[in-house]
Amino acid sequence: MTGGVAPRRGPAGSLQREDIVTITRGTTVRAVGVARRWVYAVTSDAVIVYDRDRRAWLPPFTRDGGFDPAFVRAVAVDPDDDSAWLISATGAWTLQPLTSFVMRAPAGALPTRLRAGSLDAVYREFPSLQAFGRVLTRDAASLQNFAVVSGARAPDRTEVWLGTAGGGLFQVDPLFNSATPHTYGLAVTGAGAIARAADGVWIAPAPWTGEVRLALTFASHDLQQWRWLDDNARHAFGGARATALDVRGRLLWMGTTRGLFRVPIDGDGARTFTLMSGLPSDIVLSVLARAEGTWVGTSRGLAFLASDSAEGRGMAVGQGDVAEVPVRALLATGDTLWVGTDAGLVLRTPGAAGQFVRPREASGLTRLRQPVMAIARADTLVLVALRDAVLAFNLRTGVWSEPWPAAPWRAVGDIQVAAADARTLWVGGALGVVALDRATGGSRALRAGSDLPDAVTGLVLDGPWAWIATLGGVVRIRRAIDGLSP
């Protein structure tokens with residue numbers, strides 16, 4: 001199909017669009033088109049399609065094969081087949097949801113049968129919406145009002161869909177002036193960290209310049225349920241970029257460049273811990289929430305927040321091996337705390353009065369004195385990622401090893417994050433991701449800028465899915481039969 005963009009193909013054959021989904025910011029909807037079955041919502045990075053019959057989202061259409069949603073200025077609907085014509089200053093593209101094709105439309109005048117919706121037309125037909133618009137598009141949890149910037153009327157019923165600047169997409173009954181939000185995508189362009197939830201993932205924001213709604217994002221496993229969690233008390237988390245995230249119970253612990261935020265998932269405000277609250281630094285690099293309290297790694301050492309003093313102050317750890325040094329990684333195995341610092345690996349011995357010590361084998365394995373960037377666990381192994389290598393400690397035998405010395409770790413630049421399961425190990429960095437088969441040592445790479453939107457900031461392996469957080473969005477991948485990327 002000349003000029004068309006078809007679903008990607010991988011080495012094992014055809015891939016469905018659901019297999020590799022790039023999730024971008026969905027809070028600002030610049031153009032809307034409504035067909036009998038489909039609602040088309042255009043953001044700066046994607047065309048999002050909602051199936052009105054099934055009440056379900058399709059995977060978004062993002063930049064690919066010359067198509068760029070950023071240039072789309074209006075949406076017209078073809079009444080013959082419900083397809084969308086995406087109109088830009090240099091021409092038009094046609095989008096067929098059922099076949100997943102985006103094609104460049106023939107040059108020349110647009111067909112006269114097309115029906116183009118507009119916000120002006122909506123307001124002319126339903127004048128009350130212009131007066132009530134910002135009330136209808138208010139976020140119920142944060143009570144923020146969002147300006148309406150686009151809209152279109154449904155062709156088959158008295159129903160309007162409005163796009164907002166900051167609140168996403170709303171389905172509106174213009175006769176009763178009632179609205180229902182339809183949330184999809186991230187609250188901001190970038191993801192600074194990602195953490196597993198019981199039924200999906202939480203994604204912490206890494207905003208680009210000019211973005212104001214710096215909310216956390218929840219995404220369900222099937223990408224059908226979404227939620228934006230704002231910081232009502234501190235207003236956009238002080239404009240900070242997230243660096244770490246952990247979930248325990250009904251609390252999110254988010255490390256940022258401006259302190260640590262404790263965020264209840266019911267949206268009842270957030271509390272901030274900073275240098276003035278007992279942390280060694282406002283720059284948080286790692287977080288680990290436990291039953292007894294929360295460990296916080298900062299750019300100038302380690303701190304602990306006891307569970308029974310969560311409303312009070314943190315306590316900086318003064319021992320030399322973890323004091324005044326960046327702490328980039330934290331992991332617990334039983335009662336032992338693993339601490340990855342720029343001065344190497346440190347362990348906290350079990351017990352309330354535990355001591356911070358160097359691993360017993362460190363004298364014979366000098367690489368453990370190098371900066372530790374990430375720590376992951378899979379079955380009996382603790383995997384310690386240095387900038388250019390991954391070391392393994394067997395919890396059963398107590399033996400250190402370097403199982404995959406020939407692995408192409410440098411393909412990601414300096415390793416920044418790692419995740420592992422029973423079959424695979426994934427590491428990420430500024431240049432992308434390497435996924436490695438633990439048994440065979442075989443690997444596959446995903447490159448930032450082509451396979452991935454930007455530098456990698458987080459990884460979650462969750463059954464058939466791999467979630468990759470980047471500074472340009474989140475990619476959810478259905479893993480191949482060997483557990484690696486397709």
# chains A, B, ... in the order shown; residues from 1 in each chain; ligands from 1
>>> residues_around(residues="region 399-414 of chain A", least_positions_apart="6", cutoff="7 Å", atoms="only C-alpha atoms", output="list in words")
Arg387, Asp388, Ala389, Val390, Leu391, Ala392, Phe393, Gly428, Gly429, Ala430, Leu431, Gly432, Val433, Val434 and Gly441 of chain A
>>> closest_atom_pairs(of="region 258-317 of chain A", to="region 190-209 of chain A", cutoff="12 Å", atoms="only C-alpha atoms", output="CSV")
residue,atom,partner,partner_atom,distance
A:Phe261,CA,A:Ala204,CA,11.0
A:Val263,CA,A:Ala204,CA,11.2
A:Ile265,CA,A:Trp202,CA,10.2
A:Val284,CA,A:Gly192,CA,11.9
A:Leu285,CA,A:Ala193,CA,10.5
A:Ser286,CA,A:Ala193,CA,10.1
A:Val287,CA,A:Ala193,CA,10.9
A:Leu288,CA,A:Ala195,CA,11.2
A:Ala289,CA,A:Ala195,CA,11.9
>>> write_last_selection(atoms="N, CA and C atoms", output="PDB file, in the first residue's frame")
ATOM      1  N   PHE A 261       8.020  12.588  48.064  1.00  0.00           N
ATOM      2  CA  PHE A 261       6.587  12.802  48.236  1.00  0.00           C
ATOM      3  C   PHE A 261       5.919  11.499  48.661  1.00  0.00           C
ATOM      4  N   VAL A 263       2.333  10.001  48.704  1.00  0.00           N
ATOM      5  CA  VAL A 263       1.093  10.325  48.006  1.00  0.00           C
ATOM      6  C   VAL A 263       0.070   9.217  48.254  1.00  0.00           C
ATOM      7  N   ILE A 265      -3.096   7.023  47.464  1.00  0.00           N
ATOM      8  CA  ILE A 265      -3.716   6.773  46.168  1.00  0.00           C
ATOM      9  C   ILE A 265      -5.183   7.170  46.137  1.00  0.00           C
ATOM     10  N   VAL A 284      16.451  13.078  45.527  1.00  0.00           N
ATOM     11  CA  VAL A 284      16.227  11.674  45.878  1.00  0.00           C
ATOM     12  C   VAL A 284      16.535  10.808  44.660  1.00  0.00           C
ATOM     13  N   LEU A 285      17.310   9.747  44.861  1.00  0.00           N
ATOM     14  CA  LEU A 285      17.714   8.871  43.765  1.00  0.00           C
ATOM     15  C   LEU A 285      17.085   7.488  43.836  1.00  0.00           C
ATOM     16  N   SER A 286      16.646   7.056  45.016  1.00  0.00           N
ATOM     17  CA  SER A 286      16.080   5.716  45.166  1.00  0.00           C
ATOM     18  C   SER A 286      15.162   5.690  46.380  1.00  0.00           C
ATOM     19  N   VAL A 287      14.158   4.798  46.340  1.00  0.00           N
ATOM     20  CA  VAL A 287      13.176   4.673  47.424  1.00  0.00           C
ATOM     21  C   VAL A 287      12.835   3.203  47.609  1.00  0.00           C
ATOM     22  N   LEU A 288      12.717   2.777  48.865  1.00  0.00           N
ATOM     23  CA  LEU A 288      12.262   1.420  49.169  1.00  0.00           C
ATOM     24  C   LEU A 288      11.337   1.484  50.372  1.00  0.00           C
ATOM     25  N   ALA A 289      10.057   1.203  50.159  1.00  0.00           N
ATOM     26  CA  ALA A 289       9.064   1.229  51.227  1.00  0.00           C
ATOM     27  C   ALA A 289       8.941  -0.164  51.835  1.00  0.00           C
TER      28      ALA A 289
END
>>> select_by_dssp(residues="region 186-395 of chain A", states="strand (DSSP E)", output="PyMOL selection string")
chain A and resi 190-197+200-206+216-220+226-229+242-248+251-256+259-264+271-273+284-289+293-298+301-306+315-316+327-333+336-341+344-348+356-357+374-378+381-385+390-394
>>> residues_around(residues="Leu260 (chain A)", least_positions_apart="4", cutoff="12 Å", atoms="only C-alpha atoms", output="ChimeraX atom specification")
/A:237-238,240-246,252-256,270-289,294-298,303-305,310,313-314
>>> write_last_selection(atoms="N, CA and C atoms", output="short mmCIF file (atom, residue, chain, number, x, y, z; two decimals), in the first residue's frame")
data_model
loop_
_atom_site.label_atom_id
_atom_site.label_comp_id
_atom_site.auth_asym_id
_atom_site.auth_seq_id
_atom_site.Cartn_x
_atom_site.Cartn_y
_atom_site.Cartn_z
N PHE A 237 3.45 18.99 42.51
CA PHE A 237 4.65 18.45 43.14
C PHE A 237 5.83 19.42 43.04
N GLY A 238 5.53 20.68 43.14
CA GLY A 238 6.59 21.69 43.14
C GLY A 238 7.34 21.81 41.83
N ALA A 240 8.71 19.37 40.23
CA ALA A 240 9.88 18.49 40.27
C ALA A 240 9.79 17.39 39.22
N ARG A 241 10.94 16.85 38.88
CA ARG A 241 11.02 15.67 38.03
C ARG A 241 11.19 14.44 38.90
N ALA A 242 10.37 13.41 38.66
CA ALA A 242 10.46 12.18 39.43
C ALA A 242 11.73 11.42 39.07
N THR A 243 12.31 10.77 40.07
CA THR A 243 13.52 9.99 39.89
C THR A 243 13.38 8.55 40.40
N ALA A 244 12.40 8.30 41.25
CA ALA A 244 12.22 6.97 41.85
C ALA A 244 10.78 6.83 42.30
N LEU A 245 10.29 5.59 42.37
CA LEU A 245 8.90 5.36 42.77
C LEU A 245 8.77 3.97 43.38
N ASP A 246 8.05 3.90 44.51
CA ASP A 246 7.74 2.61 45.12
C ASP A 246 6.31 2.67 45.64
N LEU A 252 1.93 5.85 47.68
CA LEU A 252 3.00 5.96 46.69
C LEU A 252 4.12 6.80 47.30
N TRP A 253 5.33 6.30 47.18
CA TRP A 253 6.51 7.05 47.64
C TRP A 253 7.29 7.44 46.39
N MET A 254 7.31 8.74 46.10
CA MET A 254 7.93 9.23 44.87
C MET A 254 9.13 10.11 45.20
N GLY A 255 10.29 9.67 44.75
CA GLY A 255 11.48 10.49 44.87
C GLY A 255 11.58 11.45 43.70
N THR A 256 11.98 12.68 43.97
CA THR A 256 12.07 13.70 42.93
C THR A 256 13.34 14.52 43.12
N ALA A 270 -0.72 15.21 49.41
CA ALA A 270 0.60 14.60 49.53
C ALA A 270 1.42 15.33 50.58
N ARG A 271 2.38 14.61 51.14
CA ARG A 271 3.31 15.23 52.10
C ARG A 271 4.71 15.17 51.51
N THR A 272 5.46 16.22 51.74
CA THR A 272 6.81 16.33 51.21
C THR A 272 7.85 16.21 52.31
N PHE A 273 8.91 15.46 52.04
CA PHE A 273 10.06 15.37 52.92
C PHE A 273 11.27 15.91 52.16
N THR A 274 11.97 16.86 52.77
CA THR A 274 13.10 17.52 52.12
C THR A 274 14.28 17.58 53.08
N LEU A 275 15.27 18.36 52.71
CA LEU A 275 16.41 18.60 53.58
C LEU A 275 15.96 19.14 54.94
N MET A 276 14.92 19.98 54.93
CA MET A 276 14.40 20.54 56.17
C MET A 276 13.63 19.51 56.99
N SER A 277 13.29 18.36 56.38
CA SER A 277 12.55 17.30 57.09
C SER A 277 13.46 16.16 57.51
N GLY A 278 14.75 16.34 57.39
CA GLY A 278 15.67 15.32 57.86
C GLY A 278 16.39 14.53 56.79
N LEU A 279 16.07 14.77 55.50
CA LEU A 279 16.79 14.06 54.44
C LEU A 279 18.18 14.67 54.27
N PRO A 280 19.16 13.88 53.85
CA PRO A 280 20.50 14.45 53.62
C PRO A 280 20.55 15.41 52.44
N SER A 281 19.59 15.29 51.50
CA SER A 281 19.57 16.12 50.31
C SER A 281 18.16 16.14 49.76
N ASP A 282 17.84 17.20 49.00
CA ASP A 282 16.53 17.26 48.33
C ASP A 282 16.48 16.40 47.08
N ILE A 283 17.63 15.97 46.58
CA ILE A 283 17.67 15.15 45.37
C ILE A 283 17.61 13.68 45.76
N VAL A 284 16.45 13.08 45.53
CA VAL A 284 16.23 11.67 45.88
C VAL A 284 16.54 10.81 44.66
N LEU A 285 17.31 9.75 44.86
CA LEU A 285 17.71 8.87 43.76
C LEU A 285 17.08 7.49 43.84
N SER A 286 16.65 7.06 45.02
CA SER A 286 16.08 5.72 45.17
C SER A 286 15.16 5.69 46.38
N VAL A 287 14.16 4.80 46.34
CA VAL A 287 13.18 4.67 47.42
C VAL A 287 12.84 3.20 47.61
N LEU A 288 12.72 2.78 48.87
CA LEU A 288 12.26 1.42 49.17
C LEU A 288 11.34 1.48 50.37
N ALA A 289 10.06 1.20 50.16
CA ALA A 289 9.06 1.23 51.23
C ALA A 289 8.94 -0.16 51.84
N THR A 294 10.41 3.58 55.48
CA THR A 294 10.83 3.81 54.11
C THR A 294 12.29 4.27 54.09
N TRP A 295 13.09 3.56 53.28
CA TRP A 295 14.48 3.92 53.06
C TRP A 295 14.55 4.86 51.86
N VAL A 296 15.36 5.91 51.99
CA VAL A 296 15.44 6.94 50.96
C VAL A 296 16.90 7.18 50.61
N GLY A 297 17.27 6.88 49.37
CA GLY A 297 18.61 7.18 48.91
C GLY A 297 18.65 8.54 48.24
N THR A 298 19.59 9.38 48.63
CA THR A 298 19.70 10.73 48.09
C THR A 298 21.08 10.94 47.49
N ALA A 303 18.70 7.86 54.13
CA ALA A 303 17.85 8.26 55.26
C ALA A 303 16.77 7.22 55.47
N PHE A 304 16.14 7.27 56.65
CA PHE A 304 15.07 6.32 57.00
C PHE A 304 13.92 7.08 57.62
N LEU A 305 12.70 6.77 57.16
CA LEU A 305 11.48 7.32 57.72
C LEU A 305 10.71 6.18 58.38
N ALA A 310 5.75 8.89 60.17
CA ALA A 310 5.62 9.36 58.80
C ALA A 310 5.18 10.80 58.72
N ARG A 313 9.86 13.56 60.95
CA ARG A 313 11.09 13.80 60.24
C ARG A 313 11.78 12.50 59.87
N GLY A 314 12.60 12.58 58.82
CA GLY A 314 13.44 11.47 58.47
C GLY A 314 14.70 11.47 59.31
#
>>> residues_around(residues="Leu223 (chain A)", least_positions_apart="3", cutoff="9 Å", atoms="only C-alpha atoms", output="list of chain:residue names")
A:Trp57, A:Leu58, A:Pro59, A:Tyr184, A:Gly185, A:Gly200, A:Ala219, A:Ser220, A:Trp226
>>> residues_around(residues="Arg478 (chain A)", least_positions_apart="3", cutoff="6 Å", atoms="only C-alpha atoms", output="PyMOL selection string")
chain A and resi 19+464-465
>>> write_last_selection(atoms="N, CA and C atoms", output="PDB file, in the first residue's frame")
ATOM      1  N   ASP A  19       0.905  -5.355  20.476  1.00  0.00           N
ATOM      2  CA  ASP A  19       2.130  -5.954  20.987  1.00  0.00           C
ATOM      3  C   ASP A  19       3.163  -4.913  21.410  1.00  0.00           C
ATOM      4  N   PRO A 464       3.408 -11.384  30.819  1.00  0.00           N
ATOM      5  CA  PRO A 464       3.715 -11.290  29.386  1.00  0.00           C
ATOM      6  C   PRO A 464       4.182  -9.916  28.952  1.00  0.00           C
ATOM      7  N   TRP A 465       4.138  -8.945  29.856  1.00  0.00           N
ATOM      8  CA  TRP A 465       4.415  -7.570  29.475  1.00  0.00           C
ATOM      9  C   TRP A 465       5.750  -7.084  30.035  1.00  0.00           C
TER      10      TRP A 465
END
>>> atom_distance(atom1="CA of Asp82 (chain A)", atom2="CA of Ala35 (chain A)")
5.4 Å
>>> atom_distance(atom1="CA of Phe61 (chain A)", atom2="CA of Gln144 (chain A)")
28.4 Å
>>> residues_around(residues="Asp139 (chain A)", least_positions_apart="4", cutoff="12 Å", atoms="only C-alpha atoms", output="list in words")
Thr27, Arg134, Val135, Leu143, Gln144, Asn145, Phe146, Ala147, Thr164, Gly166, Gly167, Gly168, Leu169, Phe170, Ala179, Thr180, Pro181, His182, Thr183, Arg213, Arg227, Trp228, Leu229, Asp230, Asn232 and Gly267 of chain A
>>> write_last_selection(atoms="C-alpha atoms", output="PDB file, in the first residue's frame")
ATOM      1  CA  THR A  27      -4.102  15.529  28.877  1.00  0.00           C
ATOM      2  CA  ARG A 134     -15.117  24.797  32.340  1.00  0.00           C
ATOM      3  CA  VAL A 135     -17.521  23.560  35.005  1.00  0.00           C
ATOM      4  CA  LEU A 143     -11.203  20.486  41.474  1.00  0.00           C
ATOM      5  CA  GLN A 144      -9.040  21.914  38.696  1.00  0.00           C
ATOM      6  CA  ASN A 145     -10.842  23.532  35.773  1.00  0.00           C
ATOM      7  CA  PHE A 146      -9.566  22.890  32.265  1.00  0.00           C
ATOM      8  CA  ALA A 147     -10.169  25.086  29.240  1.00  0.00           C
ATOM      9  CA  THR A 164      -9.388  20.179  26.906  1.00  0.00           C
ATOM     10  CA  GLY A 166      -4.982  19.576  30.719  1.00  0.00           C
ATOM     11  CA  GLY A 167      -8.041  17.456  31.438  1.00  0.00           C
ATOM     12  CA  GLY A 168      -8.144  15.146  28.441  1.00  0.00           C
ATOM     13  CA  LEU A 169     -11.348  14.092  26.669  1.00  0.00           C
ATOM     14  CA  PHE A 170     -14.920  14.500  27.963  1.00  0.00           C
ATOM     15  CA  ALA A 179     -20.000  15.325  31.450  1.00  0.00           C
ATOM     16  CA  THR A 180     -18.045  12.081  31.808  1.00  0.00           C
ATOM     17  CA  PRO A 181     -14.219  12.104  31.566  1.00  0.00           C
ATOM     18  CA  HIS A 182     -12.544   9.555  29.317  1.00  0.00           C
ATOM     19  CA  THR A 183      -8.933   9.440  30.456  1.00  0.00           C
ATOM     20  CA  ARG A 213      -0.224  19.247  35.258  1.00  0.00           C
ATOM     21  CA  ARG A 227      -6.105   7.748  36.314  1.00  0.00           C
ATOM     22  CA  TRP A 228      -4.236  11.004  36.846  1.00  0.00           C
ATOM     23  CA  LEU A 229      -3.345  11.631  40.479  1.00  0.00           C
ATOM     24  CA  ASP A 230      -2.603  15.288  41.222  1.00  0.00           C
ATOM     25  CA  ASN A 232      -3.657  18.927  45.540  1.00  0.00           C
ATOM     26  CA  GLY A 267      -5.904  11.542  46.226  1.00  0.00           C
TER      27      GLY A 267
END
